[in-house]
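Q: final-v6.cif is reproduced below (mmCIF, C-alpha atoms and all ligand atoms).
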data_query
loop_
_atom_site.label_atom_id
_atom_site.label_comp_id
_atom_site.auth_asym_id
_atom_site.auth_seq_id
_atom_site.Cartn_x
_atom_site.Cartn_y
_atom_site.Cartn_z
CA MET A 1 14.38 -16.65 -16.74
CA LEU A 2 10.94 -16.21 -15.23
CA ASN A 3 8.04 -18.29 -16.49
CA ILE A 4 4.82 -16.34 -16.74
CA ILE A 5 1.36 -17.73 -17.43
CA LYS A 6 0.06 -16.24 -20.66
CA PHE A 7 -3.40 -16.34 -22.11
CA ASN A 8 -4.01 -17.56 -25.59
CA ALA A 9 -7.61 -17.59 -26.82
CA THR A 10 -7.24 -20.88 -28.69
CA ALA A 11 -4.70 -22.76 -26.57
CA GLY A 12 -5.87 -21.52 -23.14
CA ALA A 13 -3.40 -20.72 -20.38
CA GLN A 14 0.23 -21.47 -21.28
CA THR A 15 3.43 -21.01 -19.35
CA VAL A 16 6.03 -19.07 -21.31
CA PRO A 17 9.37 -17.51 -20.42
CA VAL A 18 9.13 -13.78 -21.11
CA MET A 19 11.14 -11.81 -18.58
CA PRO A 20 14.41 -10.26 -19.76
CA LYS A 21 17.44 -10.81 -17.58
CA GLN A 22 17.46 -8.09 -14.94
CA PRO A 23 19.33 -7.72 -11.69
CA ARG A 24 17.35 -8.68 -8.62
CA VAL A 25 16.43 -5.79 -6.40
CA LYS A 26 18.52 -6.03 -3.26
CA PRO A 27 16.31 -7.51 -0.54
CA ASP A 28 17.39 -4.78 1.87
CA THR A 29 15.52 -2.05 -0.05
CA GLY A 30 11.81 -1.36 -0.09
CA ASN A 31 11.24 -0.71 3.61
CA ILE A 32 8.09 1.37 4.07
CA LYS A 33 7.38 3.11 7.34
CA ILE A 34 4.07 4.88 7.76
CA ASP A 35 4.67 6.85 10.91
CA ASN A 36 1.61 8.15 12.77
CA VAL A 37 0.02 9.45 9.57
CA SER A 38 -3.24 11.42 9.52
CA ILE A 39 -4.66 12.83 6.29
CA SER A 40 -7.43 15.43 6.11
CA PHE A 41 -9.15 17.02 3.15
CA GLY A 42 -11.00 20.35 2.96
CA ARG A 43 -11.62 23.02 5.57
CA GLY A 44 -14.44 24.17 7.82
CA GLU A 45 -17.67 22.30 7.15
CA GLN A 46 -16.00 20.45 4.30
CA HIS A 47 -13.22 19.14 6.56
CA HIS A 48 -12.87 15.38 6.36
CA LEU A 49 -10.42 13.19 8.24
CA ALA A 50 -9.73 10.38 5.78
CA VAL A 51 -6.87 8.59 7.57
CA SER A 52 -6.33 8.77 11.31
CA GLU A 53 -3.08 8.22 13.23
CA THR A 54 -1.92 5.24 11.24
CA SER A 55 1.42 3.53 11.75
CA ILE A 56 2.60 0.55 9.71
CA GLU A 57 6.02 -0.87 9.00
CA ILE A 58 6.52 -3.05 5.95
CA LYS A 59 9.74 -4.99 5.59
CA PRO A 60 11.73 -5.09 2.34
CA GLY A 61 10.21 -7.68 0.04
CA GLU A 62 7.06 -8.13 2.08
CA PHE A 63 3.65 -8.52 0.38
CA VAL A 64 1.03 -6.68 2.41
CA CYS A 65 -2.66 -6.49 1.53
CA ILE A 66 -5.08 -3.86 2.81
CA LEU A 67 -8.78 -4.61 3.20
CA GLY A 68 -11.35 -2.07 4.30
CA PRO A 69 -14.84 -0.77 3.56
CA SER A 70 -15.44 1.62 0.69
CA GLY A 71 -14.46 5.19 1.56
CA CYS A 72 -12.32 4.25 4.58
CA GLY A 73 -9.13 5.81 3.21
CA LYS A 74 -7.28 2.94 1.50
CA SER A 75 -6.52 4.85 -1.72
CA THR A 76 -5.61 7.93 0.29
CA LEU A 77 -3.08 5.96 2.32
CA LEU A 78 -1.60 4.36 -0.80
CA ASN A 79 -1.40 7.78 -2.46
CA ALA A 80 0.55 9.06 0.54
CA VAL A 81 3.12 6.26 0.07
CA ALA A 82 3.24 7.05 -3.66
CA GLY A 83 3.85 10.73 -2.83
CA TYR A 84 0.71 12.09 -4.50
CA VAL A 85 -0.92 13.07 -1.19
CA LYS A 86 0.91 14.83 1.64
CA PRO A 87 0.07 13.64 5.16
CA THR A 88 -1.48 16.33 7.34
CA ARG A 89 0.39 14.82 10.28
CA GLY A 90 3.17 12.24 10.52
CA GLN A 91 5.29 11.04 7.64
CA VAL A 92 5.98 8.20 5.23
CA LEU A 93 9.54 6.92 5.00
CA LEU A 94 10.97 4.75 2.23
CA ASP A 95 14.26 3.15 3.24
CA GLY A 96 14.62 5.76 5.95
CA LYS A 97 14.06 8.73 3.62
CA ALA A 98 10.95 10.89 3.92
CA VAL A 99 8.63 10.61 0.90
CA THR A 100 8.10 14.12 -0.50
CA GLY A 101 6.70 13.26 -3.93
CA PRO A 102 6.32 10.51 -6.53
CA GLY A 103 9.40 8.66 -7.80
CA PRO A 104 10.32 5.76 -10.11
CA ASP A 105 11.22 3.65 -7.05
CA ARG A 106 7.46 3.34 -6.40
CA GLY A 107 5.31 1.92 -9.18
CA MET A 108 1.62 2.66 -8.83
CA VAL A 109 -1.30 0.83 -10.39
CA PHE A 110 -4.31 3.06 -9.91
CA GLN A 111 -7.88 2.12 -9.08
CA GLN A 112 -9.07 4.00 -12.19
CA TYR A 113 -7.34 3.46 -15.49
CA SER A 114 -4.85 6.26 -15.87
CA LEU A 115 -3.07 5.85 -19.17
CA PHE A 116 -2.00 8.68 -21.45
CA PRO A 117 -4.90 8.70 -23.93
CA TRP A 118 -2.79 10.19 -26.74
CA LYS A 119 -0.13 7.47 -26.52
CA THR A 120 -0.38 3.91 -27.80
CA VAL A 121 -0.14 0.95 -25.42
CA ARG A 122 3.54 0.53 -26.32
CA GLU A 123 4.28 4.23 -25.86
CA ASN A 124 2.49 4.23 -22.50
CA VAL A 125 4.55 1.32 -21.17
CA ALA A 126 7.82 2.60 -22.69
CA PHE A 127 7.28 6.05 -21.17
CA GLY A 128 8.83 5.28 -17.75
CA PRO A 129 11.96 3.50 -19.04
CA ARG A 130 12.40 6.33 -21.60
CA ILE A 131 12.24 9.04 -18.90
CA LEU A 132 14.73 7.01 -16.85
CA GLY A 133 17.07 6.97 -19.87
CA ARG A 134 17.16 3.18 -20.22
CA ALA A 135 19.32 2.20 -23.20
CA SER A 136 19.77 -1.56 -23.00
CA PRO A 137 17.32 -3.18 -23.31
CA THR A 138 15.61 -0.27 -25.07
CA PRO A 139 12.42 1.24 -23.59
CA GLU A 140 10.47 -0.38 -26.46
CA ALA A 141 11.98 -3.81 -25.76
CA ILE A 142 11.13 -3.49 -22.05
CA ALA A 143 7.63 -2.36 -23.01
CA ASP A 144 7.15 -5.31 -25.35
CA THR A 145 8.19 -7.76 -22.61
CA PHE A 146 5.64 -6.49 -20.14
CA ILE A 147 2.90 -6.04 -22.75
CA ASP A 148 3.50 -9.68 -23.67
CA MET A 149 3.28 -10.64 -20.01
CA VAL A 150 -0.17 -9.10 -19.65
CA GLY A 151 -1.24 -10.76 -22.90
CA LEU A 152 -1.75 -7.64 -25.04
CA THR A 153 0.91 -7.96 -27.73
CA LYS A 154 -1.69 -7.70 -30.49
CA PHE A 155 -2.89 -4.40 -28.99
CA ALA A 156 0.50 -2.72 -28.64
CA LYS A 157 -0.28 -0.16 -31.34
CA ARG A 158 -3.79 0.62 -30.11
CA TYR A 159 -4.80 3.66 -28.08
CA PRO A 160 -6.37 3.29 -24.59
CA ALA A 161 -9.81 4.36 -25.83
CA GLU A 162 -9.75 1.35 -28.16
CA LEU A 163 -9.34 -1.10 -25.25
CA SER A 164 -11.79 -2.49 -22.72
CA GLY A 165 -11.50 -1.36 -19.09
CA GLY A 166 -9.84 -4.61 -18.03
CA MET A 167 -7.33 -4.36 -20.87
CA GLN A 168 -6.47 -0.79 -19.89
CA GLN A 169 -5.86 -1.98 -16.36
CA ARG A 170 -3.48 -4.66 -17.64
CA VAL A 171 -1.57 -1.95 -19.52
CA GLY A 172 -1.41 0.00 -16.24
CA ILE A 173 0.19 -3.02 -14.56
CA ALA A 174 2.70 -3.43 -17.41
CA ARG A 175 3.53 0.27 -17.17
CA ALA A 176 4.17 0.12 -13.41
CA LEU A 177 6.42 -2.94 -13.75
CA ALA A 178 8.40 -1.50 -16.66
CA ASN A 179 10.28 0.82 -14.27
CA TYR A 180 11.44 -2.17 -12.20
CA PRO A 181 10.31 -0.39 -9.02
CA THR A 182 11.46 -1.24 -5.50
CA VAL A 183 7.92 -0.87 -4.24
CA LEU A 184 4.75 -1.73 -6.11
CA LEU A 185 1.60 0.05 -4.92
CA MET A 186 -1.55 -1.55 -6.27
CA ASP A 187 -4.99 -0.06 -5.74
CA GLU A 188 -7.59 -2.75 -6.52
CA PRO A 189 -5.66 -3.58 -9.69
CA PHE A 190 -7.66 -6.66 -10.62
CA GLY A 191 -11.10 -5.45 -9.58
CA ALA A 192 -12.24 -4.86 -13.17
CA LEU A 193 -10.89 -8.10 -14.61
CA ASP A 194 -12.94 -11.21 -15.29
CA SER A 195 -12.25 -13.94 -12.76
CA GLN A 196 -10.12 -16.14 -15.06
CA THR A 197 -7.82 -13.26 -16.06
CA ARG A 198 -7.72 -12.10 -12.45
CA HIS A 199 -6.41 -15.48 -11.29
CA VAL A 200 -3.73 -15.52 -13.98
CA MET A 201 -2.69 -11.97 -13.06
CA GLN A 202 -2.55 -12.91 -9.36
CA GLU A 203 -0.28 -15.87 -10.05
CA ASN A 204 1.94 -13.81 -12.35
CA LEU A 205 2.18 -11.06 -9.77
CA LEU A 206 3.36 -13.61 -7.18
CA LYS A 207 5.99 -14.86 -9.61
CA ILE A 208 7.26 -11.36 -10.36
CA TRP A 209 7.28 -10.53 -6.67
CA GLY A 210 9.19 -13.73 -5.87
CA GLU A 211 11.74 -13.11 -8.60
CA PHE A 212 12.41 -9.43 -8.06
CA GLY A 213 12.06 -9.19 -4.31
CA ILE A 214 9.89 -6.07 -4.55
CA THR A 215 7.76 -4.83 -1.67
CA VAL A 216 4.08 -4.88 -2.56
CA LEU A 217 1.31 -2.91 -0.90
CA PHE A 218 -1.94 -4.15 -2.38
CA VAL A 219 -5.43 -2.75 -1.75
CA THR A 220 -8.38 -5.01 -2.44
CA HIS A 221 -12.01 -5.61 -1.47
CA ASP A 222 -11.61 -9.32 -2.10
CA ILE A 223 -10.75 -11.33 1.04
CA ASP A 224 -9.77 -14.42 -0.98
CA GLU A 225 -7.38 -12.34 -3.06
CA ALA A 226 -5.81 -10.74 0.04
CA VAL A 227 -5.21 -14.11 1.73
CA PHE A 228 -3.96 -15.78 -1.46
CA LEU A 229 -1.42 -13.03 -2.14
CA GLY A 230 -0.32 -11.56 1.16
CA ASP A 231 2.20 -12.23 3.89
CA ARG A 232 -0.05 -10.07 6.06
CA VAL A 233 -3.53 -8.65 5.74
CA LEU A 234 -4.20 -5.25 7.30
CA VAL A 235 -7.83 -4.40 7.96
CA MET A 236 -8.87 -0.74 8.03
CA SER A 237 -11.79 0.62 10.03
CA ALA A 238 -14.67 2.63 8.63
CA SER A 239 -13.90 6.34 8.23
CA PRO A 240 -11.68 7.83 9.57
CA GLY A 241 -9.54 4.91 8.48
CA LYS A 242 -7.07 3.33 10.84
CA ILE A 243 -5.58 -0.14 11.01
CA ILE A 244 -7.69 -2.30 13.32
CA ALA A 245 -6.16 -5.70 12.55
CA ASP A 246 -2.83 -7.01 11.32
CA ILE A 247 -3.40 -10.65 10.37
CA PRO A 248 -0.37 -12.77 9.48
CA VAL A 249 -0.84 -15.21 6.58
CA ARG A 250 1.50 -18.07 7.40
CA LEU A 251 0.71 -20.19 4.36
CA PRO A 252 3.48 -21.91 2.39
CA ARG A 253 4.86 -20.42 -0.82
CA PRO A 254 4.85 -20.78 -3.75
CA ARG A 255 1.06 -20.71 -3.55
CA ASP A 256 -1.22 -22.57 -5.85
CA PRO A 257 -4.91 -21.62 -6.33
CA ASP A 258 -5.81 -24.92 -4.63
CA ILE A 259 -4.55 -23.43 -1.39
CA ALA A 260 -7.99 -21.81 -1.11
CA LEU A 261 -9.29 -25.27 -0.10
CA ASP A 262 -6.79 -25.50 2.75
CA GLU A 263 -8.13 -25.33 6.31
CA ASP A 264 -5.63 -22.67 7.34
CA PHE A 265 -6.61 -20.54 4.35
CA MET A 266 -10.27 -20.74 5.38
CA ARG A 267 -9.44 -19.96 9.00
CA ILE A 268 -7.55 -16.78 8.02
CA LYS A 269 -10.33 -15.85 5.62
CA ARG A 270 -12.91 -16.17 8.41
CA LEU A 271 -10.77 -14.00 10.66
CA CYS A 272 -10.59 -11.26 7.99
CA HIS A 273 -14.30 -11.55 7.35
CA GLU A 274 -15.17 -11.13 11.03
CA ARG A 275 -13.03 -7.99 11.30
CA ILE A 276 -14.35 -6.38 8.15
CA LYS A 277 -18.06 -7.17 8.40
CA GLN A 278 -18.82 -4.79 11.22
CA GLU A 279 -16.72 -2.00 9.66
CA SER A 280 -18.49 -2.36 6.31
CA MET A 281 -21.89 -1.99 8.00
CA ARG A 282 -20.63 1.03 9.94
CA ALA A 283 -19.31 2.61 6.71
CA PHE A 284 -22.64 2.03 4.99
CA ASP A 285 -24.52 3.73 7.85
CA GLN A 286 -22.07 6.66 7.85
CA GLN A 287 -22.48 7.25 4.13
CA ASN A 288 -26.24 6.90 4.24
CA THR A 289 -27.10 9.37 7.02
N1 LIG B 301 -8.94 14.71 -2.99
C1 LIG B 301 -9.92 14.56 -2.09
N2 LIG B 301 -10.62 15.63 -1.64
C2 LIG B 301 -11.58 15.48 -0.72
N3 LIG B 301 -11.93 14.30 -0.17
C3 LIG B 301 -11.26 13.21 -0.58
C4 LIG B 301 -10.24 13.28 -1.56
N4 LIG B 301 -9.76 12.02 -1.75
C5 LIG B 301 -10.48 11.22 -0.94
N5 LIG B 301 -11.36 11.92 -0.24
C6 LIG B 301 -12.30 11.40 0.78
O1 LIG B 301 -11.55 10.61 1.68
C7 LIG B 301 -12.26 9.44 2.05
C8 LIG B 301 -11.42 8.22 1.73
O2 LIG B 301 -11.35 8.10 0.31
P1 LIG B 301 -10.52 6.92 -0.37
O3 LIG B 301 -10.60 7.13 -1.83
O4 LIG B 301 -9.18 6.85 0.23
O5 LIG B 301 -11.37 5.65 0.08
P2 LIG B 301 -11.16 4.11 -0.29
O6 LIG B 301 -11.01 3.36 1.00
O7 LIG B 301 -10.08 3.97 -1.28
O8 LIG B 301 -12.58 3.73 -0.92
P3 LIG B 301 -12.94 2.69 -2.12
O9 LIG B 301 -12.83 1.33 -1.52
O10 LIG B 301 -14.35 3.03 -2.48
O11 LIG B 301 -11.99 2.93 -3.24
C9 LIG B 301 -13.61 9.50 1.31
O12 LIG B 301 -14.58 10.00 2.18
C10 LIG B 301 -13.35 10.47 0.18
O13 LIG B 301 -14.52 11.17 -0.15
MG MG B 302 -10.04 3.41 -3.29
#
Written as structure tokens, how would this file's structure read?
Ligand SMILES: Nc1ncnc2c1ncn2[C@@H]1O[C@H](COP(=O)(O)OP(=O)(O)OP(=O)(O)O)[C@@H](O)[C@H]1O
Ligand SMILES: [Mg+2]
A:
Amino acid sequence: MLNIIKFNATAGAQTVPVMPKQPRVKPDTGNIKIDNVSISFGRGEQHHLAVSETSIEIKPGEFVCILGPSGCGKSTLLNAVAGYVKPTRGQVLLDGKAVTGPGPDRGMVFQQYSLFPWKTVRENVAFGPRILGRASPTPEAIADTFIDMVGLTKFAKRYPAELSGGMQQRVGIARALANYPTVLLMDEPFGALDSQTRHVMQENLLKIWGEFGITVLFVTHDIDEAVFLGDRVLVMSASPGKIIADIPVRLPRPRDPDIALDEDFMRIKRLCHERIKQESMRAFDQQNT
């Protein structure tokens, strides 16, 4: 049983066991290979090279964070792994098989909330398990588990429009996890959350990752978040985006928020900051002229 930190308005943060018994994903699945990928949009004067000649290999069960300035191609790259965007050149391989479209083996948490507006929270989260034909536990039981995990049990019957942005994002996370994916693709998933909820979600994500052995590719603007979560931090250049640094995070696990006070944590953080600062200024200039 996995213990998850849950929020309770009166009692504060509590640790509760909520995960149903599920088989662990075999640690030999979830290998992502981004092989010399370039992605362009538009033609003629509108042509834009968003991602340029990028190659990355991510081992099964690895937690990799991507940092980069706004507009450098992070979402585009993640969308290529998810199968929503087709590379103009190169290919993405998952466990040796070319990605040709989306699939339940890759759960995606989008940068913008992307729930079905006509479905309730419970129906949104149960949708994936229902499509996959899950019978035991039922799609509703799976949904309830993950809704509980993100602290929204009281809102299970509400519609997305009745939730705040941060709450909708938490439903998006529950929905992605409900398929028990091999790979979890997260595009700034906690960006809209208040800092307290964000820290709880980060710790819960690490617990889920540790328990299920999923591969996580996590885009963020927050250097602290990237170093706290990742085994590696990849830094992307200003547009056209390519990987300019691959920084290993050799900090012990399980990680506690206090690790942010550790000297090694600060050293890695400084390294990330140095690499990203110049690129962010370059991106700003590009977008302003
Ligand atoms: N469907 C599309 N059609 C045309 N251009 C696109 C499309 N999607 C992305 N782009 C362009 O590709 C570039 C990279 O966009 P992307 O969304 O990947 O950036 P990002 O790094 O995720 O930025 P942010 O940090 O602001 O989310 C941008 O210049 C964007 O305008
Ligand atoms: Mg983005």
Q: Around ligand LIG 301 (chain B), which protein and nucleic acid residues have at least one atom no more than 6 Å from it, if we count all atoms listed in the file? List them as a list in words.
A: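 Based on all atoms listed in the file, ligand LIG 301 (chain B) is surrounded within 6 Å by Phe41, Ala50, Pro69, Ser70, Gly71, Cys72, Gly73, Lys74, Ser75 and Thr76 of chain A.
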Q: Need to verify the contact set: segment 78-92 of chain A, 10 Å, all atoms listed in the file, exclusion of same-chain residues closer than 6 positions in sequence. Can you return it as an MDAnalysis selection string?
A: chainID A and resid 32:41 49 51:57 66 98:108 110 183:187 217:219
Q: Fewer than 4 positions away in the same chain doesn't count, so skip those; otherwise give me all residues within 8 Å of segment 263-267 of chain A, counting all atoms listed in the file, as a list in words.
A: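 Contacts, with the query itself left out: Val227, Phe228, Leu251, Ile259 and Leu271 of chain A.
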Q: Between A:His221, A:Pro181, A:Lys277, A:Cys272, which is the closest to Asp246 of chain A once you count all atoms listed in the file?
A: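 Comparing A:His221, A:Pro181, A:Lys277, A:Cys272 against Asp246 of chain A, the winner is A:Cys272.
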Q: I'd like to know which of A:Asp148, A:Asp224, A:Asp285, A:Asp258 is closest to Arg270 of chain A, using all atoms listed in the file.
A: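 Among the listed residues, the smallest separation from Arg270 of chain A belongs to A:Asp224.
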Q: I'd like the neighbourhood of Pro257 of chain A as a PyMOL selection string, where a residue qualifies if any of its atoms comes within 10 Å (using only C-alpha atoms), though same-chain residues fewer than 3 positions away should be ignored.
A: chain A and resi 199-200+202-203+228+260-261
Q: Please indicate the distance in Å from atom CA of Ser136 of chain A to atom CA of Thr29 of chain A, rounded to one decimal place.
A: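 Separation between atom CA of Ser136 of chain A and atom CA of Thr29 of chain A: 23.3 Å.
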Q: Quote the spacing between atom CA of Lys59 of chain A and atom CA of Glu211 of chain A in Å to one decimal place.
A: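 Those two atoms sit 16.5 Å apart.
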Q: Considering all atoms listed in the file, can you say which of A:Asn179, A:Gln286, A:Ser164, A:Thr220 comes closest to ligand MG 302 (chain B)?
A: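 Under the stated criterion, the closest residue is A:Thr220.
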Q: Tell me which of A:Gly68, A:Gly165, A:Gly30, A:Pro240 sits closest to ligand MG 302 (chain B), counting all atoms listed in the file.
A: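 When distances to ligand MG 302 (chain B) are compared using all atoms listed in the file, the smallest one comes from A:Gly68.
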Q: Select, from A:Leu152, A:Val109, A:Leu93, A:Val64, the residue with the minimum atom-to-atom distance to ligand MG 302 (chain B), counting only C-alpha atoms and all ligand atoms.
A: A:Val109
Q: Pick out the closest residue to Gln112 of chain A from this set: A:Leu206, A:Ala141, A:Ile173, A:Val235. Count only C-alpha atoms.
A: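 With only C-alpha atoms as the atom set, the closest residue is A:Ile173.
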Q: Is it possible to get the axis-aligned box enclosing segment 34-46 of chain A (all listed atoms, 8 Å extra per side) as AutoDock Vina command-line options, with centre and edge lengths in Å rounded to one decimal?
A:
--center_x -6.5 --center_y 14.5 --center_z 7.9 --size_x 38.3 --size_y 35.3 --size_z 25.8
Q: Tell me which protein, DNA and RNA residues are within 9 Å of Pro117 of chain A, counting all atoms listed in the file, leaving out same-chain ones fewer than 6 positions away, and put them as a list of chain:residue names.
A: A:Asn124, A:Tyr159, A:Pro160, A:Ala161
Q: Report the distance between atom CA of Arg250 of chain A and atom CA of Trp209 of chain A in Å, rounded to one decimal place.
A: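 Answer for the atom CA of Arg250 of chain A to atom CA of Trp209 of chain A separation: 17.0 Å.
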